[in-house]
Every structure is written in C-alpha cells, then in structure tokens.
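Each remark here refers to the structure printed beneath this line.
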Amino acid sequence: MTNSLLVELSRLQFALTAMYHFLFVPLTLGLSVLVAMMETVYVMTGRTIWRDMTKFWGLLFGINFALGVATGITMEFEFGMNWAFYSHYVGDIFGAPLAIEGLMAFFLEATFIGLFFFGWDKLSSRAHLVVTWMVALGSNLSALWILIANGWMQNPVGAAFNPDTMRMEVTDFVAVLFNPTAQAKFVHTVSAGYVCGAAFVLGISAFYILRGRNVELAKRSFVIASAFGVAAALSVIVLGDESGYTITDNQKMKLAAMEAMWQTEPSPASFTAFGIPDMQARETHYAIEIPWVMGLIGTRSLDLQIPGIFDLVKKTEGNIRNGLVAYDALQKLKKNHGDSAARAVFDRTRGDLGYALLLKRYIESPLQATPEQIHDAAWSTVPSVPSIFFTFRFMVLFGFALLAVFLISLWYTMREAEAPRWLFLLALWAMPLPWLAAETGWFVAEFGRQPWIIDGVLPTFLATSELGISDLVLTIVGFTAVYGVLAVIEVRLMLQAIKKGPDAVKGEAGSFGDFATTTGSGAVAPAE
C-alpha cells in the first residue's frame with residue numbers, strides 16, 4: 001500500500017522540472033545545427049554577413065544553452081532524491097546511458113561551446129567551423145543517450161529481473177542501445193528540435209524585416225529557416241508516424257488511449273478525427289471516424305487488428321495472474337536461493353512479475369488479492385483517455401500548422417516579388433507553436449505510459465522515495481520560484497540581444513563575452 005498523495009506530488013514535481021527543462025532542449029538542438037549551417041556558408045563564400053549571422057544566432061543559442069543546463073541539473077538529482085526505489089531497482093540499466101551522456105556528449109558540447117564563443121580570433125575559419133559542428137554533434141549526442149534511457153522506460157528490452165539481487169540487470173546492452181523505441185523517439189525528438197530552431201529564426205527574422213532593421217541579415221536568415229523548417233517539419237511528421245508505429249507492438253494500451261478505441265474494431269480500424277471520450281461510461285461520444293486510416297497507420301496492413309481497451313484489460317488480467325505465479329516463486333527464492341523448482345517457475349513467468357506488483361496499490365501481499373482487486377488492477381493500466389486523446393490531436397494540429405507556415409514562407413522566398421507583410425506577421429505569431437507541439441508530445445509519451453514508470457516492469461507508485469509531504473510541497477514551491485526567476489532572466493537576455501541585433505556581437509572578441517559584459521550579465525556564460 002502506498003501514500004497516493006506522496007506519489008502524485010513526486011510526479012508533479014518531476015513533471016514541472018522536466019517540462020520546464022524541455023522548453024530549452026529543442027531550441028538548443030535546432031539552433032546548433034542552423035548556426036553550423038550558417039558558418040559553413042561563411043567559410044565557403046567568405047561573405048562577412050554570414051559570419052555576422054553565425055555570431056548573432058550563436059549568441060541566442062548560448063543564452064538558451066546556459067539556462068538549459070541550469071534547469072537540467074535538477075532532474076539528475078531528482079532520480080536519487082525523489083525516486084530512490086526506481087534508481088535502486090533499475091539503476092544498473094538506466095544509469096549507464098545517463099553517465100555516457102554526461103561523459104561523451106555534454107562535456108563535448110560544453111567544451112566546444114567555449115571554443116565557439118571565444119575562438120573567433122584565435123582559430124582559423126576552418127578550425128572554428130569544425131568547433132561549431134562539434135557543438136551541434138554534442139547537442140544531438142546528448143539527446144541520443146537521454147532518449148535511449150527514456151526509450152528503455154517505454155520498452156524495457158535487453159534486461160531481466162535477477163532474483164538473487166532483487167534488481168533489474170542488463171542482459172544485452174546492444175539491445176538497449178538499438179531499442180527500436182529509443183531510436184524512433186530520438187529521430188522524432190531531434191527533428192522536432194530542428195523545427196523549433198527554424199521557427200525561432202523565422203520569427204525573429206520576420207520581426208527585423210517588419211521593423212526595417214538588419215534587413216539583409218534577416219532576409220537570409222528567413223530563407224534558410226524556411227527551407228530548413230520545411231525539411232524538419234516533414235521529418236517530424238514522417239518520423240512521428242514511425243514512432244507511433246513502434247508503440248503498436250509494445251505499448252498497445254497507450255495507442256488505444258490515444259485513439260479512444262474501447263472495442264477492438266474489424267481491420268483496418270478507423271481513425272477518430274473527433275470525439276468526446278468518457279472514462280466512466282467507457283465509450284466515446286459524438287465520434288467522427290475516418291475509415292481504414294488508423295489500421296493503415298498503426299499496422300501498415302489491411303488485415304491486422306489494433307486491440308481495443310476492453311480486450312487489453314482482459315489480457316492484462318491474465319498477465320496479473322501469471323505474474324502472481326512469478327511473485328509466489330520469488331518469495332520462495334528469497335527464503336531459499338537453492339530452490340530449483342521455484343527458480344524454474346520464476347524463469348518461466350518472470351516477464352509478468354511487474355503486473356503482480358500492480359496489486360500492491362490495493363493490498364500489501366499480492367498473493368492475497370481478490371478477483372475484484374485483480375480486475376481493478378487491470379483497469380488501472382488504462383491512462384486518462386480524454387487527456388491523451390485530445391493532447392495527441394493538439395500536437396498533430398500544431399505540427400501541420402507549422403509545416404504550412406514553413407511551406408508558405410519558402411514559396412514566397414523563392415519568388416522574385418516582395419513578400420507580403422502578413423507573411424512576416426504569420427511567422428512571428430507562429431513562434432510558440434513548436435514549443436506547444438513538443439510539450440504536448442512529451443505529455444502523450446509520458447502520461448500515456450501510466451501507471452508504469454517502466455512499462456510492464458515497475459508501477460510508478462512503487463518507485464518513489466520515503467519523503468515527507470511537506471518536503472515535496474516546499475521543493476515544488478521553491479523550484480517554481482527559482483524557475484520563474486530563470487525564465488525572467490532568459491527572456492530579458494534574449495530580448496536584449498534581439499534589441500541590439502548583430503551589433504551585440506561585433507566587438508573585438510566578437511562573441512558571447514562581449515554581450516555579457518555590456519549587459520552586466522556575465523554570470524550566464526556557459527562555463528559548465
């Protein structure tokens with residue numbers, strides 16, 4: 001039995017810090033590549049304006065990177081402080097990608113960022129270009145290792161529970177690295193970051209054009225952001241489809257919740273364009289369906305079915321009962337590690353052990369659970385269908401809206417006629433869309449996995465630390481206050497840099513240090 005308030009507060013705190021941190025991550029990913037592309041043009045052509053573009057957008061990248069680091073460090077500590085049992089139970093697997101990310105990717109990125117900002121007059125143009133691309137590589141490698149860790153939470157391959165140590169342990173690290181869920185999430189998330197960077201550059205460039213300032217720099221930035229944005233937005237849509245396809249195999253309940261699919265439909269299943277899911281009635285009201293579409297997307301076939309929630313719950317009841325056999329054998333092994341009969345039973349049923357742990361929400365000893373409690377535990381694996389259903393559709397809507405903005409922008413930039421004023425206003429007002437799409441996408445991915453912190457292995461309510469309610473409330477309030485201050489700092493620095501424009505980086509050092517000195521904000525330099 002667990003303290004539900006403790007669990008919910010722990011989840012709330014991590015959700016606040018994670019989603020706040022993710023405001024900075026996609027912009028870092030997108031700007032790092034765009035800046036590298038701009039400097040590549042500068043090295044190839046020798047035109048000073050491309051150097052100015054690299055420095056200016058690089059300055060905004062640096063401000064964003066510094067704040068991203070500050071908000072990301074908190075999350076590393078939360079795993080040990082707020083999720084102690086989780087860290088103990090799966091730390092051998094989950095900790096490895098995070099450690100590699102710090103050693104291989106973050107230090108690479110942070111080191112070369114220093115060279116990027118302060119090496120303009122000390123390195124040759126080609127050497128500095130290599131530095132810039134190494135910054136972009138480090139940013140993407142950071143995302144790779146973090147998403148390998150997260151992908152394992154969604155699809156725990158290459159690991160097994162060891163009854164001797166009572167922990168999950170790696171059995172195949174290669175399988176962990178090449179987890180199809182992690183790979184799909186990586187390319188989808190990175191592409192979303194590229195969209196974010198493109199929309200940011202597009203919007204700020206539109207602002208300058210509307211004001212008649214730095215027009216030559218802004219026009220070139222607008223063109224490169226338009227083209228890069230079209231490619232990135234198309235990638236997000238295609239790779240998002242691939243990411244969705246992977247959950248057809250290993251997260252069927254999440255897929256059913258995303259589509260509010262209560263009953264298994266004849267194949268190929270319809271796509272519900274609109275509806276109002278009802279968790280109490282367990283049906284979807286006013287559904288507007290498009291025949292065949294969901295079946296084609298989800299299974300890429302005409303004859304494979306997508307199971308509905310009711311059938312999945314029924315299957316889960318079977319998993320729970322099989323997991324109880326594993327749990328019973330585990331209790332015998334705890335008393336006698338040499339019990340070969342119990343070990344044989346456990347080895348045969350260990351894959352469903354996590355389902356038996358779902359019963360601990362209702363009773364201390366799962367072996368004493370009643371049929372009603374098993375039924376309730378099975379239904380607890382259904383996430384909030386309305387939340388997932390609507391959030392997923394908002395994410396898709398934001399994504400297609402961004403693609404439309406980029407396509408229109410690119411079409412006008414390819415024409416000889418002057419682009420209309422409304423186009424730049426559209427680009428400016430579209431700037432928040434990639435962040436909205438990214439945050440809703442993460443909500444679907446993480447909230448849709450509930451009640452699991454490790455899908456099918458460890459329920460979220462068992463993963464927390466033994467903290468006091470007052471401790472969690474205090475830290476939530478504290479983090480909110482500190483992050484609010486950091487948000488003000490971020491916006492202030494960004495606005496100051498945008499207000500100054502390219503002039504902010506035209507000193508002798510020509511970089512981030514000059515801007516920090518002139519604004520009195522040198523402490524935000526990314527010295528990490």
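Chain labels follow the order of the structure tokens: the first chain is A, the next B, and so on; residue numbering restarts at 1 in every chain, and ligands are counted from 1 in their shown order.
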Please identify all polymer residues within 9 Å of A:Phe65, counting only C-alpha atoms, omitting same-chain residues fewer than 2 positions from it, and present them as a PDB file with N, CA and C atoms, in the first residue's frame.
ATOM      1  N   PHE A  24      13.909  24.437 -23.228  1.00  0.00           N
ATOM      2  CA  PHE A  24      15.211  24.861 -23.728  1.00  0.00           C
ATOM      3  C   PHE A  24      15.833  23.839 -24.678  1.00  0.00           C
ATOM      4  N   VAL A  25      15.571  22.561 -24.441  1.00  0.00           N
ATOM      5  CA  VAL A  25      16.231  21.494 -25.198  1.00  0.00           C
ATOM      6  C   VAL A  25      15.985  21.587 -26.704  1.00  0.00           C
ATOM      7  N   LEU A  27      15.160  24.045 -28.661  1.00  0.00           N
ATOM      8  CA  LEU A  27      15.782  25.214 -29.280  1.00  0.00           C
ATOM      9  C   LEU A  27      17.292  25.023 -29.372  1.00  0.00           C
ATOM     10  N   THR A  28      17.895  24.400 -28.359  1.00  0.00           N
ATOM     11  CA  THR A  28      19.326  24.100 -28.407  1.00  0.00           C
ATOM     12  C   THR A  28      19.641  23.194 -29.592  1.00  0.00           C
ATOM     13  N   LEU A  60      22.296  33.844 -29.246  1.00  0.00           N
ATOM     14  CA  LEU A  60      21.000  33.419 -28.710  1.00  0.00           C
ATOM     15  C   LEU A  60      21.035  31.942 -28.318  1.00  0.00           C
ATOM     16  N   PHE A  61      21.766  31.143 -29.097  1.00  0.00           N
ATOM     17  CA  PHE A  61      21.957  29.737 -28.734  1.00  0.00           C
ATOM     18  C   PHE A  61      22.652  29.629 -27.389  1.00  0.00           C
ATOM     19  N   GLY A  62      23.684  30.431 -27.162  1.00  0.00           N
ATOM     20  CA  GLY A  62      24.439  30.368 -25.907  1.00  0.00           C
ATOM     21  C   GLY A  62      23.599  30.715 -24.702  1.00  0.00           C
ATOM     22  N   ILE A  63      22.774  31.741 -24.823  1.00  0.00           N
ATOM     23  CA  ILE A  63      21.891  32.114 -23.711  1.00  0.00           C
ATOM     24  C   ILE A  63      20.955  30.958 -23.394  1.00  0.00           C
ATOM     25  N   LEU A  67      20.805  28.433 -19.759  1.00  0.00           N
ATOM     26  CA  LEU A  67      19.612  28.228 -18.941  1.00  0.00           C
ATOM     27  C   LEU A  67      19.171  26.775 -18.993  1.00  0.00           C
ATOM     28  N   GLY A  68      19.362  26.128 -20.124  1.00  0.00           N
ATOM     29  CA  GLY A  68      19.011  24.715 -20.238  1.00  0.00           C
ATOM     30  C   GLY A  68      19.833  23.849 -19.316  1.00  0.00           C
ATOM     31  N   VAL A  69      21.127  24.153 -19.208  1.00  0.00           N
ATOM     32  CA  VAL A  69      21.999  23.405 -18.296  1.00  0.00           C
ATOM     33  C   VAL A  69      21.531  23.583 -16.855  1.00  0.00           C
ATOM     34  N   ALA A  70      21.232  24.809 -16.491  1.00  0.00           N
ATOM     35  CA  ALA A  70      20.830  25.086 -15.106  1.00  0.00           C
ATOM     36  C   ALA A  70      19.563  24.326 -14.724  1.00  0.00           C
ATOM     37  N   PRO A 526      28.103  30.101 -20.451  1.00  0.00           N
ATOM     38  CA  PRO A 526      28.047  28.658 -20.241  1.00  0.00           C
ATOM     39  C   PRO A 526      29.404  28.079 -19.884  1.00  0.00           C
TER      40      PRO A 526
END
Please provide as a PyMOL selection string all residues within 12 Å of A:Met44, with the sequence filter that same-chain residues fewer than 5 positions apart are discarded (counting only C-alpha atoms).
chain A and resi 37-39+50-51+125-126+129
Next, the residues of the selection above should be written as an mmCIF file, in the first residue's frame with N, CA and C atoms.
data_model
loop_
_atom_site.group_PDB
_atom_site.id
_atom_site.type_symbol
_atom_site.label_atom_id
_atom_site.label_comp_id
_atom_site.auth_asym_id
_atom_site.auth_seq_id
_atom_site.Cartn_x
_atom_site.Cartn_y
_atom_site.Cartn_z
ATOM 1 N N MET A 37 25.218 25.465 -40.041
ATOM 2 C CA MET A 37 24.950 25.629 -41.476
ATOM 3 C C MET A 37 25.322 27.033 -41.937
ATOM 4 N N MET A 38 25.004 28.047 -41.137
ATOM 5 C CA MET A 38 25.337 29.418 -41.495
ATOM 6 C C MET A 38 26.843 29.618 -41.567
ATOM 7 N N GLU A 39 27.573 29.057 -40.604
ATOM 8 C CA GLU A 39 29.027 29.229 -40.629
ATOM 9 C C GLU A 39 29.646 28.463 -41.802
ATOM 10 N N TRP A 50 27.445 36.367 -43.455
ATOM 11 C CA TRP A 50 27.178 35.029 -42.917
ATOM 12 C C TRP A 50 27.930 34.823 -41.598
ATOM 13 N N ARG A 51 29.060 35.473 -41.460
ATOM 14 C CA ARG A 51 29.775 35.446 -40.172
ATOM 15 C C ARG A 51 28.954 36.169 -39.113
ATOM 16 N N SER A 125 39.360 29.903 -39.792
ATOM 17 C CA SER A 125 37.934 29.800 -40.107
ATOM 18 C C SER A 125 37.506 28.337 -40.223
ATOM 19 N N ARG A 126 38.357 27.495 -40.796
ATOM 20 C CA ARG A 126 38.005 26.087 -40.938
ATOM 21 C C ARG A 126 38.005 25.377 -39.587
ATOM 22 N N LEU A 129 34.919 26.321 -37.789
ATOM 23 C CA LEU A 129 33.763 25.621 -38.352
ATOM 24 C C LEU A 129 33.663 24.204 -37.774
#
Name all residues at most 9 Å from stretch 87-95 of chain A (count only C-alpha atoms; drop same-chain ones fewer than 6 positions away) and give them as a PyMOL selection string.
chain A and resi 79-80+148-150+152-153+159+166-170+173+176+454+458+463
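When only C-alpha atoms are used to measure the gap to A:Thr165, the shortest distance among A:Tyr245, A:Ile276, A:Leu330, A:Thr460 belongs to A:Leu330.
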Closest to A:Ser384 among A:Pro451, A:Gly351, A:Gly138, A:Gly295, using only C-alpha atoms?
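Under the stated criterion, the closest residue is A:Pro451.
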Apply DSSP to the structure's backbone, then extract all residues of stretch 247-349 of chain A labelled helix (DSSP H, G or I) and return them as an MDAnalysis selection string.
chainID A and resid 247:250 252:258 293:299 309:335 340:349
Could you check which of A:Asn82, A:Asn155, A:Ser32, A:Gln373 is closest to A:Glu8, using only C-alpha atoms?
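Among the listed residues, A:Asn82 lies closest to A:Glu8.
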Determine which residues of stretch 269-377 of chain A receive a DSSP assignment of strand (DSSP E or B), computed from the backbone, and state them as a list in words.
Phe271, Thr272, Ala273, Phe274, Gly275, Ile276, Pro277, Asp278, Glu283, Thr284, His285, Tyr286, Ala287, Ile288, Glu289 and Ile290 of chain A
Let's have the selection written as a PDB file, in the first residue's frame, with C-alpha atoms.
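Just written: out.pdb:
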ATOM      1  CA  PHE A 271      -9.277   6.881 -37.172  1.00  0.00           C
ATOM      2  CA  THR A 272     -11.343   9.005 -34.773  1.00  0.00           C
ATOM      3  CA  ALA A 273     -10.879  12.555 -36.000  1.00  0.00           C
ATOM      4  CA  PHE A 274     -13.061  13.913 -33.197  1.00  0.00           C
ATOM      5  CA  GLY A 275     -14.932  12.574 -30.228  1.00  0.00           C
ATOM      6  CA  ILE A 276     -15.507  13.009 -26.512  1.00  0.00           C
ATOM      7  CA  PRO A 277     -14.094  10.035 -24.576  1.00  0.00           C
ATOM      8  CA  ASP A 278     -15.983   9.158 -21.398  1.00  0.00           C
ATOM      9  CA  GLU A 283     -17.148   4.884 -24.602  1.00  0.00           C
ATOM     10  CA  THR A 284     -16.539   7.797 -26.966  1.00  0.00           C
ATOM     11  CA  HIS A 285     -19.439  10.144 -27.666  1.00  0.00           C
ATOM     12  CA  TYR A 286     -20.027  12.025 -30.934  1.00  0.00           C
ATOM     13  CA  ALA A 287     -17.191  10.179 -32.672  1.00  0.00           C
ATOM     14  CA  ILE A 288     -16.324  11.274 -36.205  1.00  0.00           C
ATOM     15  CA  GLU A 289     -14.384   8.437 -37.799  1.00  0.00           C
ATOM     16  CA  ILE A 290     -12.345   8.148 -40.970  1.00  0.00           C
TER      17      ILE A 290
END
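Comparing A:Ala329, A:Val313, A:Ala231, A:Leu29 by their smallest distance to A:Leu141, the closest is A:Leu29 (using only C-alpha atoms).
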Looking at only C-alpha atoms, which of A:Phe346, A:Ala445, A:Pro371, A:Phe207 is the one that sits closest to A:Thr181?
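Of A:Phe346, A:Ala445, A:Pro371, A:Phe207, the one nearest A:Thr181 is A:Ala445, counting only C-alpha atoms.
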Do you have, as a Markdown table, the list of residues of stretch 339-405 of chain A lying at most 12 Å from stretch 185-195 of chain A, each with its nearest atom pair and that distance in Å to one decimal, counting only C-alpha atoms and ordered by chain then number?
| residue | atom | partner | partner_atom | distance |
| --- | --- | --- | --- | --- |
| A:Met395 | CA | A:Ala192 | CA | 11.2 |
| A:Val396 | CA | A:Ala192 | CA | 12.0 |
| A:Phe398 | CA | A:Val195 | CA | 11.3 |
| A:Gly399 | CA | A:Ala192 | CA | 9.0 |
| A:Phe400 | CA | A:Val195 | CA | 11.5 |
| A:Ala401 | CA | A:Val195 | CA | 11.7 |
| A:Leu402 | CA | A:Val195 | CA | 8.2 |
| A:Leu403 | CA | A:Val195 | CA | 9.0 |
| A:Val405 | CA | A:Val195 | CA | 11.2 |
I need the chosen residues saved as a PDB file, in the first residue's frame, with N, CA, C and O atoms.
ATOM      1  N   MET A 395      -1.216  18.140 -30.608  1.00  0.00           N
ATOM      2  CA  MET A 395       0.161  18.007 -31.085  1.00  0.00           C
ATOM      3  C   MET A 395       0.188  17.906 -32.612  1.00  0.00           C
ATOM      4  O   MET A 395       0.974  18.590 -33.286  1.00  0.00           O
ATOM      5  N   VAL A 396      -0.663  17.056 -33.167  1.00  0.00           N
ATOM      6  CA  VAL A 396      -0.714  16.880 -34.614  1.00  0.00           C
ATOM      7  C   VAL A 396      -1.137  18.176 -35.299  1.00  0.00           C
ATOM      8  O   VAL A 396      -0.572  18.572 -36.332  1.00  0.00           O
ATOM      9  N   PHE A 398      -0.720  21.292 -34.228  1.00  0.00           N
ATOM     10  CA  PHE A 398       0.394  22.242 -34.181  1.00  0.00           C
ATOM     11  C   PHE A 398       1.450  21.881 -35.224  1.00  0.00           C
ATOM     12  O   PHE A 398       2.022  22.757 -35.885  1.00  0.00           O
ATOM     13  N   GLY A 399       1.724  20.594 -35.367  1.00  0.00           N
ATOM     14  CA  GLY A 399       2.742  20.151 -36.324  1.00  0.00           C
ATOM     15  C   GLY A 399       2.382  20.495 -37.760  1.00  0.00           C
ATOM     16  O   GLY A 399       3.220  21.015 -38.518  1.00  0.00           O
ATOM     17  N   PHE A 400       1.151  20.221 -38.155  1.00  0.00           N
ATOM     18  CA  PHE A 400       0.744  20.526 -39.527  1.00  0.00           C
ATOM     19  C   PHE A 400       0.638  22.041 -39.756  1.00  0.00           C
ATOM     20  O   PHE A 400       0.894  22.521 -40.863  1.00  0.00           O
ATOM     21  N   ALA A 401       0.261  22.785 -38.714  1.00  0.00           N
ATOM     22  CA  ALA A 401       0.215  24.243 -38.852  1.00  0.00           C
ATOM     23  C   ALA A 401       1.611  24.804 -39.109  1.00  0.00           C
ATOM     24  O   ALA A 401       1.799  25.700 -39.947  1.00  0.00           O
ATOM     25  N   LEU A 402       2.606  24.255 -38.414  1.00  0.00           N
ATOM     26  CA  LEU A 402       3.983  24.708 -38.631  1.00  0.00           C
ATOM     27  C   LEU A 402       4.458  24.367 -40.035  1.00  0.00           C
ATOM     28  O   LEU A 402       5.134  25.176 -40.683  1.00  0.00           O
ATOM     29  N   LEU A 403       4.120  23.182 -40.515  1.00  0.00           N
ATOM     30  CA  LEU A 403       4.501  22.814 -41.874  1.00  0.00           C
ATOM     31  C   LEU A 403       3.906  23.805 -42.873  1.00  0.00           C
ATOM     32  O   LEU A 403       4.587  24.222 -43.830  1.00  0.00           O
ATOM     33  N   VAL A 405       3.141  26.948 -42.348  1.00  0.00           N
ATOM     34  CA  VAL A 405       3.863  28.221 -42.225  1.00  0.00           C
ATOM     35  C   VAL A 405       5.180  28.158 -42.981  1.00  0.00           C
ATOM     36  O   VAL A 405       5.537  29.081 -43.739  1.00  0.00           O
TER      37      VAL A 405
END
Pick the closest to A:Pro502 from A:Thr48, A:Thr349, A:Ser470, A:Asn64: which is it, counting only C-alpha atoms?
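Closest to A:Pro502, using only C-alpha atoms: A:Thr48.
Take atom CA of A:Ile469 and atom CA of A:Glu78: the distance between them is 15.4 Å.
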Pick out the residues sitting within 10 Å of A:Asp311, and hand them over as a compact mmCIF listing (two decimals) with N, CA, C and O atoms, in the first residue's frame; count only C-alpha atoms, and ignore anything fewer than 3 positions along from it in its own chain.
# COMPACT_ATOMS: atom_id res chain seq x y z
N MET A 253 -1.74 -0.31 -25.04
CA MET A 253 -2.70 0.45 -24.25
C MET A 253 -2.57 1.95 -24.52
O MET A 253 -3.58 2.67 -24.59
N TRP A 262 -12.14 1.84 -27.51
CA TRP A 262 -12.59 0.99 -26.40
C TRP A 262 -12.76 -0.45 -26.85
O TRP A 262 -12.41 -1.38 -26.12
N GLN A 263 -13.30 -0.65 -28.02
CA GLN A 263 -13.54 -2.00 -28.53
C GLN A 263 -12.61 -2.28 -29.71
O GLN A 263 -12.26 -1.36 -30.47
N THR A 264 -12.21 -3.53 -29.84
CA THR A 264 -11.40 -3.93 -31.00
C THR A 264 -12.27 -3.90 -32.25
O THR A 264 -13.33 -4.53 -32.29
N PRO A 307 -5.90 -3.89 -31.03
CA PRO A 307 -6.78 -4.26 -29.92
C PRO A 307 -7.32 -3.04 -29.19
O PRO A 307 -6.63 -2.03 -29.02
N GLY A 308 -8.58 -3.13 -28.77
CA GLY A 308 -9.21 -2.07 -28.01
C GLY A 308 -8.95 -2.19 -26.53
O GLY A 308 -8.36 -3.19 -26.04
N LYS A 314 -8.59 -7.23 -20.45
CA LYS A 314 -8.78 -8.67 -20.25
C LYS A 314 -7.45 -9.40 -20.33
O LYS A 314 -7.16 -10.30 -19.52
N LYS A 315 -6.62 -9.03 -21.29
CA LYS A 315 -5.30 -9.64 -21.41
C LYS A 315 -4.45 -9.33 -20.18
O LYS A 315 -3.68 -10.18 -19.70
N THR A 316 -4.56 -8.09 -19.68
CA THR A 316 -3.79 -7.70 -18.51
C THR A 316 -4.16 -8.52 -17.29
O THR A 316 -3.30 -8.85 -16.45
Contacts of A:Asp303 at 9 Å (only C-alpha atoms; same-chain gap of 5+ positions) as a list in words
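Contacts, in chain order: Pro266, Ser267, Pro268 and Gly295 of chain A.
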Residues within 9 Å of stretch 407-418 of chain A, please, as number ranges by chain. Count only C-alpha atoms; anything in the same chain fewer than 3 positions from it doesn't count.
A: 202, 219, 222-227, 229-230, 402-404, 423-424, 427
Would you put the residues from that selection into a file with all heavy atoms, as a compact mmCIF listing (two decimals), in the first residue's frame?
# COMPACT_ATOMS: atom_id res chain seq x y z
N LEU A 202 12.96 31.99 -37.94
CA LEU A 202 11.98 32.57 -38.86
C LEU A 202 11.24 33.73 -38.21
O LEU A 202 11.07 34.80 -38.81
CB LEU A 202 10.99 31.49 -39.29
CG LEU A 202 10.11 31.79 -40.51
CD1 LEU A 202 10.94 31.64 -41.79
CD2 LEU A 202 8.92 30.83 -40.56
N LYS A 219 16.73 38.71 -44.00
CA LYS A 219 16.21 38.03 -45.19
C LYS A 219 16.93 36.70 -45.42
O LYS A 219 16.30 35.68 -45.74
CB LYS A 219 16.35 38.93 -46.42
CG LYS A 219 15.31 40.03 -46.49
CD LYS A 219 15.46 40.82 -47.78
CE LYS A 219 14.35 41.86 -47.92
NZ LYS A 219 14.50 42.65 -49.17
N PHE A 222 15.78 34.32 -42.86
CA PHE A 222 14.41 33.89 -43.15
C PHE A 222 14.40 32.79 -44.22
O PHE A 222 13.67 31.80 -44.11
CB PHE A 222 13.60 35.09 -43.65
CG PHE A 222 12.11 34.87 -43.64
CD1 PHE A 222 11.35 35.15 -42.52
CD2 PHE A 222 11.46 34.39 -44.78
CE1 PHE A 222 9.97 34.96 -42.51
CE2 PHE A 222 10.09 34.20 -44.78
CZ PHE A 222 9.35 34.47 -43.64
N VAL A 223 15.25 32.93 -45.23
CA VAL A 223 15.31 31.94 -46.32
C VAL A 223 15.82 30.60 -45.79
O VAL A 223 15.22 29.54 -46.04
CB VAL A 223 16.21 32.44 -47.46
CG1 VAL A 223 16.45 31.31 -48.47
CG2 VAL A 223 15.57 33.63 -48.15
N ILE A 224 16.93 30.63 -45.05
CA ILE A 224 17.50 29.37 -44.58
C ILE A 224 16.58 28.70 -43.56
O ILE A 224 16.45 27.47 -43.52
CB ILE A 224 18.92 29.60 -44.00
CG1 ILE A 224 19.65 28.25 -43.86
CG2 ILE A 224 18.88 30.32 -42.67
CD1 ILE A 224 21.12 28.39 -43.50
N ALA A 225 15.89 29.50 -42.74
CA ALA A 225 14.95 28.94 -41.76
C ALA A 225 13.74 28.33 -42.46
O ALA A 225 13.23 27.29 -42.03
CB ALA A 225 14.50 30.02 -40.77
N SER A 226 13.28 28.96 -43.55
CA SER A 226 12.14 28.42 -44.29
C SER A 226 12.46 27.05 -44.88
O SER A 226 11.69 26.10 -44.72
CB SER A 226 11.74 29.38 -45.42
OG SER A 226 11.35 30.63 -44.91
N ALA A 227 13.60 26.97 -45.55
CA ALA A 227 13.98 25.71 -46.20
C ALA A 227 14.25 24.63 -45.15
O ALA A 227 13.78 23.48 -45.28
CB ALA A 227 15.22 25.93 -47.07
N GLY A 229 13.14 24.54 -42.16
CA GLY A 229 11.89 24.25 -41.46
C GLY A 229 11.00 23.30 -42.23
O GLY A 229 10.38 22.41 -41.64
N VAL A 230 10.92 23.44 -43.55
CA VAL A 230 10.11 22.52 -44.36
C VAL A 230 10.66 21.10 -44.22
O VAL A 230 9.91 20.14 -43.99
CB VAL A 230 10.10 22.95 -45.84
CG1 VAL A 230 9.52 21.85 -46.72
CG2 VAL A 230 9.30 24.23 -46.01
N LEU A 402 2.61 24.25 -38.41
CA LEU A 402 3.98 24.71 -38.63
C LEU A 402 4.46 24.37 -40.04
O LEU A 402 5.13 25.18 -40.68
CB LEU A 402 4.91 24.05 -37.59
CG LEU A 402 4.89 24.70 -36.21
CD1 LEU A 402 5.52 23.77 -35.18
CD2 LEU A 402 5.63 26.03 -36.24
N LEU A 403 4.12 23.18 -40.51
CA LEU A 403 4.50 22.81 -41.87
C LEU A 403 3.91 23.81 -42.87
O LEU A 403 4.59 24.22 -43.83
CB LEU A 403 4.03 21.39 -42.18
CG LEU A 403 4.27 20.91 -43.62
CD1 LEU A 403 5.75 20.92 -43.96
CD2 LEU A 403 3.67 19.51 -43.82
N ALA A 404 2.66 24.19 -42.66
CA ALA A 404 2.01 25.15 -43.56
C ALA A 404 2.75 26.50 -43.54
O ALA A 404 2.97 27.12 -44.59
CB ALA A 404 0.55 25.34 -43.16
N LEU A 423 2.79 37.75 -44.19
CA LEU A 423 3.62 36.56 -44.07
C LEU A 423 4.56 36.68 -42.87
O LEU A 423 4.73 35.73 -42.10
CB LEU A 423 4.44 36.37 -45.35
CG LEU A 423 5.49 35.26 -45.30
CD1 LEU A 423 4.82 33.91 -45.14
CD2 LEU A 423 6.36 35.28 -46.55
N PHE A 424 5.14 37.84 -42.68
CA PHE A 424 6.07 38.04 -41.56
C PHE A 424 5.31 38.08 -40.24
O PHE A 424 5.83 37.61 -39.21
CB PHE A 424 6.88 39.31 -41.78
CG PHE A 424 7.64 39.30 -43.08
CD1 PHE A 424 7.36 40.22 -44.08
CD2 PHE A 424 8.62 38.34 -43.32
CE1 PHE A 424 8.05 40.21 -45.27
CE2 PHE A 424 9.30 38.31 -44.52
CZ PHE A 424 9.02 39.25 -45.50
N ALA A 427 4.69 34.45 -39.43
CA ALA A 427 5.90 33.80 -38.91
C ALA A 427 6.15 34.20 -37.47
O ALA A 427 6.57 33.38 -36.64
CB ALA A 427 7.10 34.16 -39.78
